[in-house]
$ cat work00.txt   # compact mmCIF, N, CA, C and O atoms
# COMPACT_ATOMS: atom_id res chain seq x y z
N MET L 124 152.52 135.37 72.90
CA MET L 124 152.62 134.78 71.58
C MET L 124 152.27 135.84 70.53
O MET L 124 151.28 136.54 70.63
N VAL L 125 153.08 135.94 69.52
CA VAL L 125 152.91 136.93 68.47
C VAL L 125 152.18 136.28 67.30
O VAL L 125 152.53 135.19 66.86
N THR L 126 151.17 136.98 66.77
CA THR L 126 150.47 136.48 65.60
C THR L 126 150.67 137.43 64.44
O THR L 126 150.80 138.64 64.62
N ALA L 127 150.67 136.88 63.24
CA ALA L 127 150.89 137.69 62.04
C ALA L 127 149.57 138.23 61.48
O ALA L 127 149.57 139.09 60.63
N VAL L 128 148.45 137.68 61.95
CA VAL L 128 147.15 138.09 61.43
C VAL L 128 146.60 139.20 62.31
O VAL L 128 146.54 139.07 63.52
N PRO L 129 146.19 140.31 61.71
CA PRO L 129 145.61 141.38 62.51
C PRO L 129 144.32 140.93 63.18
O PRO L 129 143.63 140.03 62.72
N VAL L 130 143.98 141.59 64.25
CA VAL L 130 142.80 141.23 65.02
C VAL L 130 141.52 141.50 64.22
O VAL L 130 140.54 140.78 64.36
N PHE L 131 141.52 142.49 63.39
CA PHE L 131 140.33 142.88 62.66
C PHE L 131 140.16 142.16 61.32
O PHE L 131 139.30 142.52 60.51
N TYR L 132 140.93 141.13 61.06
CA TYR L 132 140.88 140.42 59.78
C TYR L 132 139.49 139.87 59.49
O TYR L 132 138.99 139.98 58.36
N ASP L 133 138.83 139.28 60.48
CA ASP L 133 137.52 138.68 60.24
C ASP L 133 136.47 139.73 59.89
O ASP L 133 135.59 139.47 59.07
N ARG L 134 136.56 140.91 60.47
CA ARG L 134 135.61 141.97 60.13
C ARG L 134 135.82 142.48 58.71
O ARG L 134 134.87 142.73 57.98
N VAL L 135 137.07 142.63 58.30
CA VAL L 135 137.37 143.10 56.95
C VAL L 135 136.86 142.09 55.93
O VAL L 135 136.23 142.45 54.93
N GLU L 136 137.09 140.82 56.18
CA GLU L 136 136.61 139.77 55.28
C GLU L 136 135.08 139.77 55.22
O GLU L 136 134.49 139.63 54.14
N LEU L 137 134.42 139.96 56.33
CA LEU L 137 132.96 139.99 56.36
C LEU L 137 132.43 141.17 55.55
O LEU L 137 131.49 141.01 54.76
N TYR L 138 133.01 142.35 55.70
CA TYR L 138 132.54 143.53 54.98
C TYR L 138 132.78 143.41 53.47
O TYR L 138 131.92 143.80 52.67
N ILE L 139 133.89 142.86 53.08
CA ILE L 139 134.16 142.67 51.65
C ILE L 139 133.20 141.64 51.07
O ILE L 139 132.63 141.84 50.00
N SER L 140 133.00 140.54 51.78
CA SER L 140 132.06 139.51 51.32
C SER L 140 130.65 140.06 51.22
O SER L 140 129.91 139.76 50.28
N LEU L 141 130.25 140.85 52.19
CA LEU L 141 128.91 141.45 52.19
C LEU L 141 128.75 142.41 51.02
O LEU L 141 127.70 142.43 50.36
N ALA L 142 129.78 143.20 50.72
CA ALA L 142 129.71 144.13 49.59
C ALA L 142 129.60 143.38 48.27
O ALA L 142 128.82 143.78 47.39
N VAL L 143 130.35 142.30 48.11
CA VAL L 143 130.28 141.50 46.89
C VAL L 143 128.90 140.85 46.76
O VAL L 143 128.32 140.79 45.68
N TRP L 144 128.36 140.37 47.87
CA TRP L 144 127.04 139.75 47.87
C TRP L 144 125.96 140.74 47.45
O TRP L 144 125.10 140.43 46.61
N ILE L 145 126.00 141.96 48.00
CA ILE L 145 125.02 142.98 47.64
C ILE L 145 125.17 143.37 46.17
O ILE L 145 124.18 143.55 45.46
N PHE L 146 126.41 143.49 45.69
CA PHE L 146 126.64 143.79 44.28
C PHE L 146 126.05 142.71 43.38
O PHE L 146 125.42 143.01 42.36
N CYS L 147 126.22 141.45 43.76
CA CYS L 147 125.65 140.35 42.97
C CYS L 147 124.13 140.35 43.00
O CYS L 147 123.49 140.00 42.01
N LEU L 148 123.54 140.73 44.13
CA LEU L 148 122.08 140.85 44.20
C LEU L 148 121.57 141.92 43.24
O LEU L 148 120.59 141.71 42.52
N VAL L 149 122.24 143.05 43.21
CA VAL L 149 121.83 144.14 42.32
C VAL L 149 122.03 143.73 40.86
O VAL L 149 121.17 143.98 40.01
N LEU L 150 123.14 143.09 40.58
CA LEU L 150 123.43 142.62 39.22
C LEU L 150 122.37 141.61 38.77
O LEU L 150 121.87 141.67 37.64
N GLY L 151 122.01 140.69 39.65
CA GLY L 151 121.00 139.69 39.33
C GLY L 151 119.63 140.29 39.12
O GLY L 151 118.89 139.89 38.21
N ALA L 152 119.27 141.26 39.95
CA ALA L 152 117.97 141.91 39.79
C ALA L 152 117.91 142.67 38.47
O ALA L 152 116.89 142.63 37.76
N ALA L 153 119.00 143.33 38.09
CA ALA L 153 119.02 144.05 36.82
C ALA L 153 118.90 143.09 35.64
O ALA L 153 118.17 143.36 34.69
N ALA L 154 119.60 141.97 35.70
CA ALA L 154 119.53 140.99 34.61
C ALA L 154 118.14 140.38 34.50
O ALA L 154 117.60 140.23 33.40
N LEU L 155 117.54 140.04 35.64
CA LEU L 155 116.21 139.43 35.61
C LEU L 155 115.16 140.42 35.12
O LEU L 155 114.31 140.06 34.29
N LEU L 156 115.21 141.64 35.59
CA LEU L 156 114.22 142.64 35.15
C LEU L 156 114.37 142.95 33.66
O LEU L 156 113.36 143.10 32.96
N HIS L 157 115.59 143.03 33.18
CA HIS L 157 115.78 143.29 31.76
C HIS L 157 115.26 142.13 30.92
O HIS L 157 114.65 142.33 29.87
N CYS L 158 115.50 140.93 31.38
CA CYS L 158 115.04 139.75 30.65
C CYS L 158 113.51 139.67 30.64
O CYS L 158 112.92 139.23 29.65
N LEU L 159 112.88 140.09 31.72
CA LEU L 159 111.43 140.05 31.79
C LEU L 159 110.76 140.96 30.76
O LEU L 159 109.70 140.62 30.23
N VAL L 160 111.34 142.11 30.50
CA VAL L 160 110.69 143.09 29.63
C VAL L 160 111.02 142.91 28.15
O VAL L 160 110.49 143.64 27.32
N GLN L 161 111.88 141.97 27.82
CA GLN L 161 112.26 141.77 26.41
C GLN L 161 111.23 140.90 25.69
O GLN L 161 110.55 140.07 26.29
N ARG L 162 111.16 141.09 24.38
CA ARG L 162 110.27 140.29 23.56
C ARG L 162 110.83 138.89 23.41
O ARG L 162 112.04 138.70 23.26
N ALA L 163 109.97 137.89 23.43
CA ALA L 163 110.40 136.50 23.36
C ALA L 163 110.96 136.14 21.99
O ALA L 163 111.85 135.29 21.87
N ASP L 164 110.47 136.79 20.92
CA ASP L 164 110.95 136.45 19.59
C ASP L 164 112.32 137.05 19.27
O ASP L 164 112.95 136.68 18.27
N ALA L 165 112.82 137.93 20.12
CA ALA L 165 114.13 138.53 19.88
C ALA L 165 115.27 137.58 20.25
O ALA L 165 116.35 137.68 19.69
N PHE L 166 115.03 136.67 21.16
CA PHE L 166 116.09 135.76 21.60
C PHE L 166 116.53 134.81 20.50
O PHE L 166 117.72 134.66 20.25
N PRO L 167 115.59 134.12 19.81
CA PRO L 167 116.05 133.28 18.69
C PRO L 167 116.62 134.08 17.52
O PRO L 167 117.46 133.58 16.77
N ALA L 168 116.22 135.34 17.40
CA ALA L 168 116.73 136.17 16.31
C ALA L 168 118.22 136.45 16.45
O ALA L 168 118.92 136.64 15.46
N ILE L 169 118.73 136.48 17.68
CA ILE L 169 120.16 136.72 17.88
C ILE L 169 120.94 135.42 18.04
O ILE L 169 122.15 135.44 18.26
N GLY L 170 120.25 134.28 17.96
CA GLY L 170 120.93 132.99 18.00
C GLY L 170 121.34 132.54 19.38
O GLY L 170 122.39 131.94 19.55
N THR L 171 120.51 132.81 20.37
CA THR L 171 120.81 132.38 21.74
C THR L 171 119.68 131.52 22.27
O THR L 171 118.74 131.20 21.55
N MET L 172 119.78 131.14 23.51
CA MET L 172 118.73 130.33 24.13
C MET L 172 117.45 131.13 24.24
O MET L 172 117.45 132.36 24.11
N SER L 173 116.35 130.46 24.52
CA SER L 173 115.06 131.13 24.56
C SER L 173 114.94 132.02 25.80
O SER L 173 115.73 131.93 26.74
N LYS L 174 113.93 132.85 25.78
CA LYS L 174 113.69 133.75 26.90
C LYS L 174 113.39 132.96 28.16
O LYS L 174 113.83 133.35 29.25
N THR L 175 112.69 131.86 28.03
CA THR L 175 112.35 131.03 29.19
C THR L 175 113.60 130.49 29.87
O THR L 175 113.70 130.49 31.11
N VAL L 176 114.57 130.06 29.09
CA VAL L 176 115.81 129.53 29.66
C VAL L 176 116.58 130.64 30.37
O VAL L 176 117.09 130.44 31.48
N TRP L 177 116.66 131.81 29.77
CA TRP L 177 117.37 132.92 30.40
C TRP L 177 116.65 133.39 31.65
O TRP L 177 117.29 133.74 32.65
N LEU L 178 115.32 133.40 31.64
CA LEU L 178 114.58 133.75 32.84
C LEU L 178 114.83 132.74 33.96
O LEU L 178 115.00 133.11 35.12
N ALA L 179 114.86 131.46 33.60
CA ALA L 179 115.11 130.42 34.61
C ALA L 179 116.52 130.54 35.18
O ALA L 179 116.71 130.41 36.40
N MET L 180 117.50 130.77 34.33
CA MET L 180 118.87 130.89 34.82
C MET L 180 119.05 132.14 35.68
O MET L 180 119.65 132.08 36.76
N ASN L 181 118.54 133.29 35.21
CA ASN L 181 118.67 134.51 35.99
C ASN L 181 117.86 134.45 37.28
O ASN L 181 118.33 134.87 38.34
N GLY L 182 116.65 133.92 37.21
CA GLY L 182 115.82 133.81 38.41
C GLY L 182 116.39 132.82 39.41
O GLY L 182 116.41 133.09 40.62
N GLY L 183 116.86 131.68 38.93
CA GLY L 183 117.48 130.71 39.83
C GLY L 183 118.76 131.23 40.45
O GLY L 183 119.03 131.02 41.64
N GLY L 184 119.55 131.92 39.66
CA GLY L 184 120.77 132.51 40.19
C GLY L 184 120.49 133.58 41.23
O GLY L 184 121.16 133.66 42.26
N LEU L 185 119.48 134.40 40.97
CA LEU L 185 119.11 135.43 41.94
C LEU L 185 118.57 134.81 43.22
O LEU L 185 118.89 135.26 44.32
N LEU L 186 117.79 133.75 43.09
CA LEU L 186 117.27 133.06 44.27
C LEU L 186 118.39 132.43 45.09
O LEU L 186 118.42 132.56 46.32
N LEU L 187 119.34 131.77 44.41
CA LEU L 187 120.49 131.20 45.13
C LEU L 187 121.34 132.28 45.79
O LEU L 187 121.83 132.09 46.91
N THR L 188 121.51 133.39 45.11
CA THR L 188 122.29 134.48 45.68
C THR L 188 121.60 135.06 46.90
O THR L 188 122.24 135.33 47.92
N ALA L 189 120.29 135.25 46.81
CA ALA L 189 119.56 135.84 47.93
C ALA L 189 119.50 134.90 49.13
O ALA L 189 119.52 135.35 50.28
N LEU L 190 119.43 133.61 48.88
CA LEU L 190 119.29 132.64 49.98
C LEU L 190 120.61 132.08 50.48
O LEU L 190 120.61 131.28 51.41
N ALA L 191 121.71 132.47 49.90
CA ALA L 191 123.02 131.92 50.29
C ALA L 191 123.32 132.09 51.77
O ALA L 191 123.74 131.14 52.43
N PRO L 192 123.13 133.27 52.37
CA PRO L 192 123.41 133.38 53.81
C PRO L 192 122.48 132.54 54.68
O PRO L 192 122.89 132.00 55.69
N GLN L 193 121.21 132.43 54.28
CA GLN L 193 120.26 131.66 55.08
C GLN L 193 120.51 130.16 54.97
O GLN L 193 120.18 129.41 55.88
N LEU L 194 121.08 129.71 53.86
CA LEU L 194 121.38 128.29 53.67
C LEU L 194 122.75 127.93 54.24
O LEU L 194 123.25 126.83 54.00
N ARG L 195 123.35 128.85 54.95
CA ARG L 195 124.66 128.67 55.58
C ARG L 195 125.76 128.36 54.57
O ARG L 195 126.68 127.61 54.85
N MET L 196 125.64 128.95 53.38
CA MET L 196 126.69 128.81 52.38
C MET L 196 127.70 129.94 52.48
O MET L 196 128.72 129.93 51.81
N GLY L 197 127.40 130.95 53.28
CA GLY L 197 128.27 132.11 53.37
C GLY L 197 127.94 133.11 52.29
O GLY L 197 127.15 132.85 51.38
N TYR L 198 128.53 134.27 52.41
CA TYR L 198 128.27 135.31 51.41
C TYR L 198 129.00 135.04 50.10
O TYR L 198 128.56 135.46 49.05
N LEU L 199 130.13 134.37 50.17
CA LEU L 199 130.88 134.04 48.96
C LEU L 199 130.94 132.52 48.83
O LEU L 199 131.75 131.87 49.46
N SER L 200 130.08 131.97 48.02
CA SER L 200 130.09 130.54 47.78
C SER L 200 130.28 130.30 46.28
O SER L 200 130.23 131.22 45.47
N ILE L 201 130.45 129.05 45.92
CA ILE L 201 130.63 128.72 44.51
C ILE L 201 129.36 129.04 43.72
O ILE L 201 129.41 129.45 42.56
N PHE L 202 128.19 128.89 44.36
CA PHE L 202 126.93 129.18 43.68
C PHE L 202 126.79 130.67 43.40
O PHE L 202 126.24 131.07 42.37
N LEU L 203 127.28 131.49 44.30
CA LEU L 203 127.24 132.93 44.08
C LEU L 203 128.13 133.31 42.90
O LEU L 203 127.75 134.13 42.07
N LEU L 204 129.28 132.70 42.80
CA LEU L 204 130.20 133.00 41.69
C LEU L 204 129.64 132.52 40.35
O LEU L 204 129.77 133.20 39.34
N ILE L 205 129.01 131.35 40.35
CA ILE L 205 128.37 130.85 39.11
C ILE L 205 127.22 131.78 38.71
O ILE L 205 127.05 132.12 37.54
N SER L 206 126.42 132.19 39.69
CA SER L 206 125.31 133.11 39.42
C SER L 206 125.82 134.44 38.88
O SER L 206 125.24 134.99 37.93
N ALA L 207 126.88 134.95 39.45
CA ALA L 207 127.45 136.21 38.96
C ALA L 207 127.94 136.06 37.53
O ALA L 207 127.82 136.98 36.72
N GLY L 208 128.48 134.90 37.19
CA GLY L 208 128.89 134.64 35.82
C GLY L 208 127.72 134.64 34.85
O GLY L 208 127.80 135.19 33.75
N ILE L 209 126.61 134.02 35.26
CA ILE L 209 125.40 134.01 34.43
C ILE L 209 124.89 135.43 34.23
O ILE L 209 124.54 135.83 33.10
N PHE L 210 124.85 136.21 35.31
CA PHE L 210 124.38 137.59 35.20
C PHE L 210 125.28 138.41 34.28
O PHE L 210 124.80 139.20 33.47
N ALA L 211 126.57 138.21 34.40
CA ALA L 211 127.52 138.96 33.58
C ALA L 211 127.40 138.60 32.11
O ALA L 211 127.44 139.47 31.24
N VAL L 212 127.24 137.32 31.80
CA VAL L 212 127.07 136.90 30.41
C VAL L 212 125.81 137.52 29.83
O VAL L 212 125.81 138.03 28.70
N TYR L 213 124.73 137.50 30.60
CA TYR L 213 123.49 138.07 30.09
C TYR L 213 123.64 139.57 29.85
O TYR L 213 123.27 140.08 28.78
N LEU L 214 124.16 140.29 30.84
CA LEU L 214 124.23 141.75 30.72
C LEU L 214 125.28 142.24 29.73
O LEU L 214 125.10 143.28 29.11
N LEU L 215 126.37 141.49 29.57
CA LEU L 215 127.44 141.96 28.70
C LEU L 215 127.40 141.39 27.29
O LEU L 215 128.03 141.95 26.39
N ASP L 216 126.68 140.29 27.09
CA ASP L 216 126.64 139.68 25.76
C ASP L 216 125.23 139.68 25.18
O ASP L 216 125.03 140.13 24.05
N ILE L 217 124.27 139.19 25.92
CA ILE L 217 122.91 139.04 25.40
C ILE L 217 122.18 140.38 25.34
O ILE L 217 121.52 140.70 24.35
N ARG L 218 122.31 141.20 26.36
CA ARG L 218 121.60 142.48 26.40
C ARG L 218 121.96 143.40 25.23
O ARG L 218 121.07 143.93 24.58
N PRO L 219 123.25 143.60 24.92
CA PRO L 219 123.54 144.45 23.75
C PRO L 219 123.04 143.85 22.44
O PRO L 219 122.59 144.59 21.55
N ALA L 220 123.11 142.54 22.30
CA ALA L 220 122.61 141.92 21.07
C ALA L 220 121.10 142.06 20.95
O ALA L 220 120.57 142.30 19.86
N LEU L 221 120.38 141.94 22.06
CA LEU L 221 118.94 142.14 22.04
C LEU L 221 118.58 143.58 21.69
O LEU L 221 117.67 143.82 20.91
N ARG L 222 119.32 144.50 22.25
CA ARG L 222 119.05 145.90 21.96
C ARG L 222 119.30 146.21 20.48
O ARG L 222 118.55 146.95 19.85
N ASP L 223 120.35 145.64 19.94
CA ASP L 223 120.65 145.85 18.54
C ASP L 223 119.58 145.22 17.65
O ASP L 223 119.20 145.80 16.64
N ALA L 224 119.09 144.04 18.03
CA ALA L 224 118.08 143.36 17.23
C ALA L 224 116.72 144.05 17.30
O ALA L 224 116.00 144.12 16.31
N VAL L 225 116.36 144.58 18.45
CA VAL L 225 115.04 145.16 18.64
C VAL L 225 115.01 146.63 18.21
O VAL L 225 114.16 147.05 17.46
N ASP L 226 115.97 147.42 18.69
CA ASP L 226 115.97 148.86 18.41
C ASP L 226 116.84 149.26 17.24
O ASP L 226 116.58 150.25 16.60
N GLY L 227 117.92 148.53 17.04
CA GLY L 227 118.85 148.89 15.99
C GLY L 227 119.82 150.00 16.39
O GLY L 227 120.46 150.61 15.54
N HIS L 228 119.95 150.26 17.70
CA HIS L 228 120.81 151.34 18.17
C HIS L 228 122.22 150.89 18.52
O HIS L 228 123.04 151.69 18.92
N GLY L 229 122.50 149.63 18.48
CA GLY L 229 123.83 149.16 18.84
C GLY L 229 123.92 148.82 20.31
O GLY L 229 122.92 148.69 21.00
N SER L 230 125.14 148.68 20.81
CA SER L 230 125.31 148.25 22.18
C SER L 230 125.07 149.38 23.17
O SER L 230 125.44 150.53 22.94
N TRP L 231 124.42 149.06 24.24
CA TRP L 231 124.08 149.93 25.38
C TRP L 231 123.35 151.14 24.87
O TRP L 231 122.99 152.02 25.43
$ encode --input "work00.txt" --output "structure tokens"
Amino acid sequence: MVTAVPVFYDRVELYISLAVWIFCLVLGAAALLHCLVQRADAFPAIGTMSKTVWLAMNGGGLLLTALAPQLRMGYLSIFLLISAGIFAVYLLDIRPALRDAVDGHGSW
């Protein structure tokens, strides 16, 4: 019987999923650490949610991302993708605005 799927398909999928999972862990750690060191009064100054809310979202997302394989959700689950979205919004939108508000140097 001839199959169209290569024998090594499952290994390739596992390695890609693992790489994305590790990338999301690093992204989440960077977002959480940056949020921890920011001043709390800078968040309302840029018109966003409070520091506590961002810490909860980034911390919860990082926790879900880290525990996804142990909870048998797989390396790529919907929670991982939602967490990656939260991390990306923080790092690409909130972080430059905070830096501009606190230092006045502009983005990045």
$ closest_residue --input "work00.txt" --among "L:Tyr198, L:Ala163, L:Gly183, L:Ala224" --to "Ile145 (chain L)" --atoms "all atoms listed in the file"
L:Tyr198
$ residues_around --input "work00.txt" --residues "His157 (chain L)" --least-positions-apart "5" --cutoff "9 Å" --atoms "only C-alpha atoms" --output "number ranges by chain"
L: 152, 214, 218
$ closest_residue --input "work00.txt" --among "L:Ile217, L:Leu199, L:Gly151, L:Tyr138" --to "Phe166 (chain L)" --atoms "all atoms listed in the file"
L:Ile217
$ select_by_dssp --input "work00.txt" --residues "chain L" --states "helix (DSSP H, G or I)" --output "ChimeraX atom specification"
/L:132-160,165-168,174-190,201-225
$ residues_around --input "work00.txt" --residues "Leu155 (chain L)" --least-positions-apart "3" --cutoff "8 Å" --atoms "only N, CA, C and O atoms" --output "ChimeraX atom specification"
/L:148-152,158-161,177-178,180-182,185,210
$ atom_distance --input "work00.txt" --atom1 "atom N of Ala168 (chain L)" --atom2 "atom N of Arg222 (chain L)"
10.8 Å
$ atom_distance --input "work00.txt" --atom1 "CA of Thr171 (chain L)" --atom2 "CA of Tyr213 (chain L)"
10.5 Å
$ closest_residue --input "work00.txt" --among "L:Ala211, L:Leu203, L:Leu137, L:Ala142" --to "Ala189 (chain L)" --atoms "only C-alpha atoms"
L:Leu203
$ atom_distance --input "work00.txt" --atom1 "atom C of Gln193 (chain L)" --atom2 "atom C of Phe146 (chain L)"
18.0 Å
$ axis_aligned_box --input "work00.txt" --around "region 163-173 of chain L" --padding-each-side "4 Å" --output "JSON"
{"center_x": 116.2, "center_y": 134.4, "center_z": 21.1, "size_x": 20.4, "size_y": 16.2, "size_z": 19.3}
$ closest_residue --input "work00.txt" --among "L:Asp164, L:Glu136, L:Asp223, L:Gly184" --to "Ile209 (chain L)" --atoms "all atoms listed in the file"
L:Gly184
$ closest_residue --input "work00.txt" --among "L:Ala179, L:Leu156, L:Leu215, L:Phe202" --to "Trp144 (chain L)" --atoms "only C-alpha atoms"
L:Phe202
$ build_atoms --input "work00.txt" --residues "region 131-141 of chain L" --atoms "all heavy atoms" --output "mmCIF file, keeping the file's coordinate frame"
data_model
loop_
_atom_site.group_PDB
_atom_site.id
_atom_site.type_symbol
_atom_site.label_atom_id
_atom_site.label_comp_id
_atom_site.auth_asym_id
_atom_site.auth_seq_id
_atom_site.Cartn_x
_atom_site.Cartn_y
_atom_site.Cartn_z
ATOM 1 N N PHE L 131 141.520 142.490 63.390
ATOM 2 C CA PHE L 131 140.330 142.880 62.660
ATOM 3 C C PHE L 131 140.160 142.160 61.320
ATOM 4 O O PHE L 131 139.300 142.520 60.510
ATOM 5 C CB PHE L 131 140.327 144.400 62.423
ATOM 6 C CG PHE L 131 141.493 144.885 61.631
ATOM 7 C CD1 PHE L 131 141.425 144.969 60.262
ATOM 8 C CD2 PHE L 131 142.669 145.261 62.267
ATOM 9 C CE1 PHE L 131 142.500 145.414 59.518
ATOM 10 C CE2 PHE L 131 143.752 145.711 61.538
ATOM 11 C CZ PHE L 131 143.669 145.782 60.161
ATOM 12 N N TYR L 132 140.930 141.130 61.060
ATOM 13 C CA TYR L 132 140.880 140.420 59.780
ATOM 14 C C TYR L 132 139.490 139.870 59.490
ATOM 15 O O TYR L 132 138.990 139.980 58.360
ATOM 16 C CB TYR L 132 141.901 139.283 59.776
ATOM 17 C CG TYR L 132 141.757 138.334 58.625
ATOM 18 C CD1 TYR L 132 142.183 138.700 57.361
ATOM 19 C CD2 TYR L 132 141.163 137.091 58.780
ATOM 20 C CE1 TYR L 132 142.036 137.860 56.290
ATOM 21 C CE2 TYR L 132 141.007 136.233 57.721
ATOM 22 C CZ TYR L 132 141.450 136.613 56.477
ATOM 23 O OH TYR L 132 141.289 135.771 55.428
ATOM 24 N N ASP L 133 138.830 139.280 60.480
ATOM 25 C CA ASP L 133 137.520 138.680 60.240
ATOM 26 C C ASP L 133 136.470 139.730 59.890
ATOM 27 O O ASP L 133 135.590 139.470 59.070
ATOM 28 C CB ASP L 133 137.090 137.851 61.439
ATOM 29 C CG ASP L 133 137.095 138.647 62.735
ATOM 30 O OD1 ASP L 133 137.724 139.711 62.763
ATOM 31 O OD2 ASP L 133 136.468 138.187 63.715
ATOM 32 N N ARG L 134 136.560 140.910 60.470
ATOM 33 C CA ARG L 134 135.610 141.970 60.130
ATOM 34 C C ARG L 134 135.820 142.480 58.710
ATOM 35 O O ARG L 134 134.870 142.730 57.980
ATOM 36 C CB ARG L 134 135.723 143.125 61.104
ATOM 37 C CG ARG L 134 135.111 142.833 62.431
ATOM 38 C CD ARG L 134 135.051 144.076 63.251
ATOM 39 N NE ARG L 134 134.531 143.756 64.563
ATOM 40 C CZ ARG L 134 134.409 144.632 65.523
ATOM 41 N NH1 ARG L 134 134.782 145.888 65.307
ATOM 42 N NH2 ARG L 134 133.932 144.284 66.683
ATOM 43 N N VAL L 135 137.070 142.630 58.300
ATOM 44 C CA VAL L 135 137.370 143.100 56.950
ATOM 45 C C VAL L 135 136.860 142.090 55.930
ATOM 46 O O VAL L 135 136.230 142.450 54.930
ATOM 47 C CB VAL L 135 138.883 143.352 56.775
ATOM 48 C CG1 VAL L 135 139.229 143.637 55.329
ATOM 49 C CG2 VAL L 135 139.340 144.484 57.668
ATOM 50 N N GLU L 136 137.090 140.820 56.180
ATOM 51 C CA GLU L 136 136.610 139.770 55.280
ATOM 52 C C GLU L 136 135.080 139.770 55.220
ATOM 53 O O GLU L 136 134.490 139.630 54.140
ATOM 54 C CB GLU L 136 137.104 138.416 55.748
ATOM 55 C CG GLU L 136 136.643 137.290 54.850
ATOM 56 C CD GLU L 136 136.957 135.912 55.404
ATOM 57 O OE1 GLU L 136 137.326 135.803 56.584
ATOM 58 O OE2 GLU L 136 136.809 134.958 54.637
ATOM 59 N N LEU L 137 134.420 139.960 56.330
ATOM 60 C CA LEU L 137 132.960 139.990 56.360
ATOM 61 C C LEU L 137 132.430 141.170 55.550
ATOM 62 O O LEU L 137 131.490 141.010 54.760
ATOM 63 C CB LEU L 137 132.456 140.080 57.804
ATOM 64 C CG LEU L 137 130.945 140.249 57.955
ATOM 65 C CD1 LEU L 137 130.235 138.977 57.531
ATOM 66 C CD2 LEU L 137 130.598 140.634 59.360
ATOM 67 N N TYR L 138 133.010 142.350 55.700
ATOM 68 C CA TYR L 138 132.540 143.530 54.980
ATOM 69 C C TYR L 138 132.780 143.410 53.470
ATOM 70 O O TYR L 138 131.920 143.800 52.670
ATOM 71 C CB TYR L 138 133.182 144.797 55.516
ATOM 72 C CG TYR L 138 132.748 145.140 56.924
ATOM 73 C CD1 TYR L 138 133.629 145.723 57.816
ATOM 74 C CD2 TYR L 138 131.460 144.876 57.364
ATOM 75 C CE1 TYR L 138 133.238 146.040 59.103
ATOM 76 C CE2 TYR L 138 131.067 145.178 58.648
ATOM 77 C CZ TYR L 138 131.951 145.762 59.515
ATOM 78 O OH TYR L 138 131.555 146.067 60.783
ATOM 79 N N ILE L 139 133.890 142.860 53.080
ATOM 80 C CA ILE L 139 134.160 142.670 51.650
ATOM 81 C C ILE L 139 133.200 141.640 51.070
ATOM 82 O O ILE L 139 132.630 141.840 50.000
ATOM 83 C CB ILE L 139 135.626 142.280 51.419
ATOM 84 C CG1 ILE L 139 136.537 143.463 51.726
ATOM 85 C CG2 ILE L 139 135.845 141.793 49.987
ATOM 86 C CD1 ILE L 139 138.006 143.138 51.696
ATOM 87 N N SER L 140 133.000 140.540 51.780
ATOM 88 C CA SER L 140 132.060 139.510 51.320
ATOM 89 C C SER L 140 130.650 140.060 51.220
ATOM 90 O O SER L 140 129.910 139.760 50.280
ATOM 91 C CB SER L 140 132.083 138.311 52.259
ATOM 92 O OG SER L 140 133.341 137.727 52.298
ATOM 93 N N LEU L 141 130.250 140.850 52.190
ATOM 94 C CA LEU L 141 128.910 141.450 52.190
ATOM 95 C C LEU L 141 128.750 142.410 51.020
ATOM 96 O O LEU L 141 127.700 142.430 50.360
ATOM 97 C CB LEU L 141 128.669 142.168 53.516
ATOM 98 C CG LEU L 141 127.260 142.668 53.770
ATOM 99 C CD1 LEU L 141 126.276 141.520 53.809
ATOM 100 C CD2 LEU L 141 127.221 143.446 55.068
#
